[in-house]
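The file data-v8.cif comes next; it holds mmCIF, C-alpha atoms.
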data_coords
#
loop_
_atom_site.label_atom_id
_atom_site.label_comp_id
_atom_site.auth_asym_id
_atom_site.auth_seq_id
_atom_site.Cartn_x
_atom_site.Cartn_y
_atom_site.Cartn_z
CA MET A 1 -72.79 262.50 -116.63
CA SER A 2 -74.51 259.69 -114.77
CA LEU A 3 -73.07 258.45 -111.48
CA ALA A 4 -74.26 255.33 -109.70
CA ARG A 5 -73.89 254.66 -106.00
CA PRO A 6 -70.82 252.37 -106.49
CA ASP A 7 -69.09 255.20 -108.37
CA ILE A 8 -69.73 257.63 -105.53
CA ASN A 9 -68.45 255.14 -102.95
CA ALA A 10 -65.29 254.58 -104.99
CA VAL A 11 -64.66 258.33 -105.13
CA LYS A 12 -65.21 258.56 -101.36
CA LYS A 13 -62.62 255.85 -100.68
CA ALA A 14 -60.10 257.54 -102.97
CA LEU A 15 -60.63 260.86 -101.21
CA GLU A 16 -60.18 259.23 -97.80
CA LYS A 17 -56.78 257.94 -98.90
CA THR A 18 -55.85 261.42 -100.08
CA VAL A 19 -56.83 262.97 -96.75
CA ARG A 20 -54.71 260.40 -94.91
CA ASN A 21 -51.70 261.49 -96.98
CA PHE A 22 -51.04 258.18 -98.68
CA GLY A 23 -48.33 259.16 -101.12
CA ASN A 24 -49.09 256.35 -103.53
CA SER A 25 -52.88 256.83 -103.55
CA LEU A 26 -52.78 259.14 -106.59
CA LEU A 27 -51.27 258.77 -110.03
CA PRO A 28 -48.03 260.65 -110.74
CA LEU A 29 -48.55 264.19 -111.91
CA ASP A 30 -47.29 263.40 -115.42
CA SER A 31 -49.81 260.54 -115.75
CA ILE A 32 -52.82 262.86 -115.55
CA ASP A 33 -54.46 263.74 -118.85
CA PHE A 34 -54.99 267.50 -118.93
CA GLY A 35 -56.28 267.52 -122.51
CA GLU A 36 -54.80 267.86 -125.97
CA ARG A 37 -54.70 271.65 -125.95
CA PHE A 38 -52.70 271.61 -122.72
CA LYS A 39 -50.27 269.05 -124.16
CA SER A 40 -49.74 270.95 -127.40
CA HIS A 41 -49.18 274.23 -125.56
CA ALA A 42 -46.75 272.61 -123.11
CA ALA A 43 -44.80 271.02 -125.99
CA LYS A 44 -43.98 274.47 -127.38
CA ASN A 45 -41.86 275.22 -124.28
CA LEU A 46 -43.28 278.73 -124.02
CA VAL A 47 -43.30 278.64 -120.22
CA PRO A 48 -40.60 277.49 -117.79
CA ARG A 49 -40.83 273.91 -116.57
CA TYR A 50 -41.34 274.93 -112.93
CA ALA A 51 -44.32 277.10 -113.97
CA LEU A 52 -45.77 274.21 -115.97
CA GLU A 53 -45.44 271.88 -112.98
CA ASN A 54 -47.10 274.50 -110.81
CA VAL A 55 -50.06 274.69 -113.19
CA LYS A 56 -50.37 270.89 -113.21
CA GLN A 57 -50.34 270.76 -109.42
CA ARG A 58 -53.00 273.45 -109.19
CA CYS A 59 -55.14 271.55 -111.71
CA LEU A 60 -54.74 268.39 -109.62
CA ASP A 61 -55.75 270.24 -106.46
CA PHE A 62 -58.79 271.60 -108.28
CA LEU A 63 -59.83 268.11 -109.42
CA ILE A 64 -59.57 266.81 -105.86
CA VAL A 65 -61.73 269.65 -104.52
CA LEU A 66 -64.19 269.07 -107.37
CA CYS A 67 -64.56 265.40 -106.42
CA GLU A 68 -65.04 266.35 -102.77
CA GLN A 69 -67.82 268.78 -103.66
CA LEU A 70 -69.51 266.24 -105.93
CA VAL A 71 -69.60 263.71 -103.11
CA LEU A 72 -70.97 266.30 -100.70
CA ARG A 73 -73.60 267.68 -103.08
CA LEU A 74 -74.94 264.45 -104.56
CA PRO A 75 -78.03 263.41 -102.57
CA GLU A 76 -78.11 260.28 -100.49
CA ASN A 77 -81.45 259.38 -102.05
CA LEU A 78 -79.95 259.06 -105.53
CA ALA A 79 -81.39 255.55 -105.84
CA VAL A 80 -84.86 256.86 -104.96
CA LEU A 81 -84.68 259.47 -107.70
CA SER A 82 -83.44 256.85 -110.13
CA ASN A 83 -86.50 254.69 -109.41
CA LEU A 84 -88.76 257.46 -110.72
CA ARG A 85 -88.07 256.09 -114.20
CA PHE A 86 -90.43 253.20 -113.45
CA PHE A 87 -93.35 255.64 -113.69
CA THR A 88 -92.66 256.34 -117.37
CA PRO A 89 -95.34 254.84 -119.65
CA ALA A 90 -92.76 252.80 -121.55
CA MET A 91 -91.55 251.05 -118.40
CA CYS A 92 -94.70 250.66 -116.33
CA LEU A 93 -96.59 249.16 -119.31
CA SER A 94 -93.67 247.11 -120.63
CA GLN A 95 -94.41 243.41 -121.03
CA SER A 96 -90.75 242.47 -121.49
CA LEU A 97 -89.43 244.10 -118.31
CA ILE A 98 -90.15 242.56 -114.93
CA ILE A 99 -90.74 245.54 -112.64
CA SER A 100 -91.94 244.67 -109.17
CA ALA A 101 -93.89 247.05 -106.99
CA ASP A 102 -90.96 246.84 -104.57
CA ASP A 103 -88.90 248.83 -107.10
CA LEU A 104 -91.15 251.89 -106.83
CA PRO A 105 -89.88 254.92 -104.85
CA TRP A 106 -91.96 254.27 -101.75
CA GLU A 107 -90.03 256.93 -99.84
CA LEU A 108 -92.01 259.52 -101.84
CA SER A 109 -95.44 258.07 -101.06
CA ALA A 110 -97.89 259.91 -98.84
CA GLU A 111 -98.00 259.13 -95.16
CA GLY A 112 -100.67 256.54 -94.50
CA ALA A 113 -100.94 255.48 -98.14
CA ASP A 114 -102.50 252.05 -98.68
CA ARG A 115 -99.45 250.24 -100.03
CA ASP A 116 -101.23 246.92 -100.47
CA LEU A 117 -103.87 248.55 -102.67
CA ILE A 118 -101.19 250.40 -104.64
CA ARG A 119 -99.38 247.10 -105.27
CA ILE A 120 -102.59 245.51 -106.55
CA GLN A 121 -103.28 248.47 -108.84
CA TRP A 122 -99.69 248.37 -110.11
CA CYS A 123 -100.09 244.73 -111.14
CA GLN A 124 -103.44 245.50 -112.79
CA LEU A 125 -102.04 248.49 -114.68
CA ARG A 126 -99.24 246.40 -116.16
CA THR A 127 -101.82 244.19 -117.85
CA LEU A 128 -103.09 247.14 -119.91
CA ARG A 129 -101.81 248.57 -123.17
CA LEU A 130 -101.31 252.23 -123.96
CA HIS A 131 -104.42 252.40 -126.17
CA ASP A 132 -106.48 250.92 -123.31
CA ILE A 133 -105.78 254.10 -121.33
CA SER A 134 -106.42 256.50 -124.21
CA ILE A 135 -106.75 255.92 -127.93
CA GLU A 136 -105.09 259.30 -128.48
CA PHE A 137 -101.82 258.25 -126.84
CA ASP A 138 -98.74 257.12 -128.71
CA ASN A 139 -95.28 256.09 -127.52
CA ASN A 140 -94.28 259.75 -127.12
CA VAL A 141 -97.02 260.65 -124.65
CA GLU A 142 -95.94 262.97 -121.85
CA ILE A 143 -95.71 261.35 -118.46
CA THR A 144 -98.00 263.87 -116.73
CA LYS A 145 -100.73 263.44 -119.35
CA PHE A 146 -100.37 259.68 -119.00
CA TRP A 147 -100.91 259.63 -115.24
CA ILE A 148 -103.77 262.14 -115.41
CA ALA A 149 -105.45 259.74 -117.85
CA VAL A 150 -104.74 256.84 -115.47
CA TRP A 151 -106.31 258.88 -112.66
CA ASN A 152 -109.47 259.36 -114.75
CA LEU A 153 -109.86 255.66 -115.63
CA ARG A 154 -113.05 254.23 -114.15
CA ASP A 155 -114.59 250.80 -113.92
CA ALA A 156 -118.13 249.75 -114.84
CA SER A 157 -119.41 251.09 -111.51
CA GLY A 158 -117.94 254.52 -112.12
CA ASN A 159 -115.22 254.14 -109.48
CA GLN A 160 -111.66 255.21 -110.17
CA SER A 161 -109.66 252.08 -110.96
CA PHE A 162 -106.18 253.42 -110.17
CA LYS A 163 -106.81 256.38 -107.87
CA GLU A 164 -104.26 255.44 -105.19
CA LEU A 165 -101.55 254.43 -107.67
CA ALA A 166 -102.02 257.57 -109.79
CA SER A 167 -101.94 259.75 -106.67
CA PHE A 168 -98.67 258.10 -105.64
CA ALA A 169 -97.12 258.55 -109.09
CA ILE A 170 -98.20 262.18 -109.46
CA ARG A 171 -97.02 262.99 -105.96
CA ALA A 172 -93.59 261.50 -106.70
CA LEU A 173 -93.31 263.11 -110.14
CA SER A 174 -94.24 266.54 -108.77
CA LEU A 175 -90.90 266.65 -106.97
CA PRO A 176 -88.99 269.58 -108.54
CA ILE A 177 -85.78 268.54 -110.28
CA SER A 178 -84.30 271.98 -109.62
CA ASN A 179 -85.02 275.03 -107.51
CA ALA A 180 -86.33 276.99 -110.52
CA ASP A 181 -89.98 276.16 -109.79
CA VAL A 182 -89.55 277.05 -106.14
CA GLU A 183 -87.93 280.36 -107.06
CA ARG A 184 -90.88 281.17 -109.33
CA VAL A 185 -93.29 280.54 -106.47
CA PHE A 186 -91.28 282.81 -104.18
CA SER A 187 -91.35 285.48 -106.88
CA VAL A 188 -95.14 285.30 -107.01
CA ILE A 189 -95.35 285.36 -103.21
CA SER A 190 -93.23 288.52 -103.06
CA ILE A 191 -95.59 290.16 -105.56
CA VAL A 192 -98.80 289.06 -103.85
CA LYS A 193 -97.82 289.34 -100.20
CA THR A 194 -96.37 292.82 -99.82
CA LYS A 195 -95.48 294.70 -96.65
CA LEU A 196 -98.92 296.28 -96.63
CA ARG A 197 -100.50 292.81 -96.76
CA ASN A 198 -98.18 291.08 -94.30
CA ARG A 199 -101.07 289.77 -92.18
CA MET A 200 -102.49 287.74 -95.04
CA LEU A 201 -103.22 284.16 -93.99
CA LEU A 202 -102.08 281.09 -95.89
CA PRO A 203 -105.44 280.10 -97.45
CA MET A 204 -105.86 283.56 -98.99
CA LEU A 205 -102.25 283.57 -100.21
CA VAL A 206 -102.62 280.16 -101.87
CA ALA A 207 -105.90 281.23 -103.49
CA LEU A 208 -104.37 284.41 -104.93
CA ILE A 209 -101.36 282.51 -106.28
CA ARG A 210 -103.60 279.94 -107.98
CA ILE A 211 -105.73 282.72 -109.49
CA ARG A 212 -102.65 284.52 -110.76
CA ILE A 213 -101.27 281.37 -112.40
CA HIS A 214 -104.68 280.51 -113.87
CA MET A 215 -104.98 283.98 -115.39
CA SER A 216 -101.48 283.76 -116.84
CA VAL A 217 -101.99 280.31 -118.35
CA HIS A 218 -105.29 281.13 -120.05
CA GLY A 219 -104.33 284.66 -121.06
CA HIS A 220 -107.05 286.32 -119.00
CA CYS A 221 -106.95 289.71 -117.35
CA CYS A 222 -108.96 290.97 -114.40
CA LYS A 223 -110.31 293.74 -116.65
CA ASN A 224 -112.01 291.41 -119.12
CA TYR A 225 -112.49 288.23 -117.08
CA THR A 226 -116.08 287.01 -116.85
CA PRO A 227 -116.87 284.99 -113.70
CA THR A 228 -118.95 281.86 -114.03
CA GLU A 229 -122.44 281.46 -112.64
CA TYR A 230 -121.10 279.26 -109.87
CA MET A 231 -118.61 281.96 -108.86
CA LEU A 232 -121.38 284.55 -108.65
CA GLN A 233 -123.32 282.25 -106.33
CA LEU A 234 -120.34 282.14 -103.99
CA PHE A 235 -119.92 285.92 -103.91
CA THR A 236 -121.93 286.49 -100.75
CA SER A 237 -121.16 287.91 -97.33
CA LYS A 238 -120.11 284.42 -96.20
CA ILE A 239 -116.84 284.68 -98.11
CA TYR A 240 -115.62 287.13 -95.46
CA GLU A 241 -116.39 284.78 -92.60
CA SER A 242 -113.40 283.02 -91.07
CA SER A 243 -113.13 279.99 -88.88
CA GLU A 244 -110.35 278.05 -87.24
CA ASP A 245 -110.71 275.30 -89.82
CA SER A 246 -110.12 277.72 -92.68
CA VAL A 247 -106.76 278.92 -91.37
CA GLN A 248 -105.29 275.55 -90.53
CA THR A 249 -102.53 274.35 -92.80
CA SER A 250 -103.16 271.00 -94.45
CA GLU A 251 -101.61 269.02 -97.25
CA ILE A 252 -102.92 269.57 -100.74
CA SER A 253 -105.59 267.05 -101.61
CA ASP A 254 -105.23 264.58 -104.44
CA GLY A 255 -107.97 266.32 -106.40
CA ALA A 256 -106.30 269.72 -106.06
CA LEU A 257 -102.99 268.23 -107.17
CA ILE A 258 -104.62 266.72 -110.25
CA GLU A 259 -106.29 270.02 -111.09
CA SER A 260 -102.97 271.82 -110.70
CA LEU A 261 -101.32 269.45 -113.14
CA LYS A 262 -104.16 269.91 -115.61
CA LEU A 263 -103.68 273.66 -115.28
CA ILE A 264 -99.97 273.33 -116.00
CA GLU A 265 -100.72 271.13 -119.01
CA ALA A 266 -103.04 273.82 -120.37
CA GLY A 267 -100.16 276.06 -121.34
CA GLU A 268 -96.81 277.56 -120.48
CA ILE A 269 -96.90 279.50 -117.23
CA ASP A 270 -95.30 282.91 -117.48
CA LEU A 271 -94.95 284.46 -114.07
#

Would you write the structure of this file as structure tokens?
Amino acid sequence: MSLARPDINAVKKALEKTVRNFGNSLLPLDSIDFGERFKSHAAKNLVPRYALENVKQRCLDFLIVLCEQLVLRLPENLAVLSNLRFFTPAMCLSQSLIISADDLPWELSAEGADRDLIRIQWCQLRTLRLHDISIEFDNNVEITKFWIAVWNLRDASGNQSFKELASFAIRALSLPISNADVERVFSVISIVKTKLRNRMLLPMLVALIRIRIHMSVHGHCCKNYTPTEYMLQLFTSKIYESSEDSVQTSEISDGALIESLKLIEAGEIDL
């Protein structure tokens, strides 16, 4: 079911009339369609009429409460979430659709993002074709793979052509559509940060979670994992040194976000 903002507003107005006890604001009880099975069962006269009317009234009360809960639970930023569709490859590269940069979900952009530069990059991206981004892509390319490829596009000087735009798109698309991903993270946290390790700082916790996910994605185990040469160079006494900068909480960088998406693309995460 897809509800637009006008639909929600119409339901709100109808509910306001109901709360104000307008007797003529609702259809008569017999005018409500309760379904064919209900009609066929009622036609058999197996229950008294007063019991049937009672069931109808209870169904009506349930529908009213259902509408009230839908209005309360639907987010106010429904239009913002709807604008995420403009980041799909089919729409952002479409030559037949006129999609302005003003239509993008700017509410999900990073604080301090260069909007003028993002607008310029958006106009430049719309001049490209799908094969200009990657010859391996077809019309069924996944949206995350598409924007990772856009992130990696470089000009003749080796500079990223769409870094700011790709960062904006990936940041917006990383918004969880349900609480399932968040629940998985909390499950990992409860496994990693136990009561005996309750003084663990955030940087260490994030590092252990990333290692655990990496191991799960690539099918590695700590018993047979071989560290790289670069890792061995980092395994010195300095890794135990702490500073105020290392314990400060900061937002995830664009590069780390891209690497996280690449890690997710590598395989199904089983936590």

Between CA of Ala90 in chain A and CA of Asn152 in chain A, distance in Å (one decimal):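 Pair CA of Ala90 in chain A / CA of Asn152 in chain A returns 19.2 Å.
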
Test item: residues at most 12 Å from Val55 in chain A, only C-alpha atoms, excluding those fewer than 5 positions along its chain, as a list in words: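 Non-adjacent residues within range: Leu29, Asp30, Phe34, Phe38, Ala42, Val47, Pro48, Arg49, Tyr50, Leu60, Asp61 and Phe62 of chain A.
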
Expected selection from the PyMOL selection byres ((chain A and resi 168-173) around 8), given as an MDAnalysis selection string: chainID A and resid 84 87 105 108:110 144 147 164:167 174:176 258

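The set of residues that the PyMOL selection byres ((chain A and resi 118) around 12) takes from this file is Ser100, Ala101, Asp102, Leu104, Trp106, Ser109, Ala110, Gly112, Ala113, Asp114, Arg115, Asp116, Leu117, Arg119, Ile120, Gln121, Trp122, Cys123, Gln124, Leu125, Ser161, Phe162, Lys163, Glu164, Leu165, Ala166, Ser167, Phe168 and Ala169 of chain A.
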
Between CA of Ile213 in chain A and CA of Leu81 in chain A - distance in Å to one decimal: 27.9 Å

Two-atom distance - CA of Ile239 in chain A, CA of Pro203 in chain A (Å): 12.3 Å

Pick from A:Glu183, A:Pro227, A:Cys221, A:Val11, whichever lies nearest to Val65 in chain A using all atoms listed in the file: A:Val11

Pick from A:Ile133, A:Leu201, A:Ile211, A:Ile64 nearest to Pro89 in chain A, counting all atoms listed in the file: A:Ile133
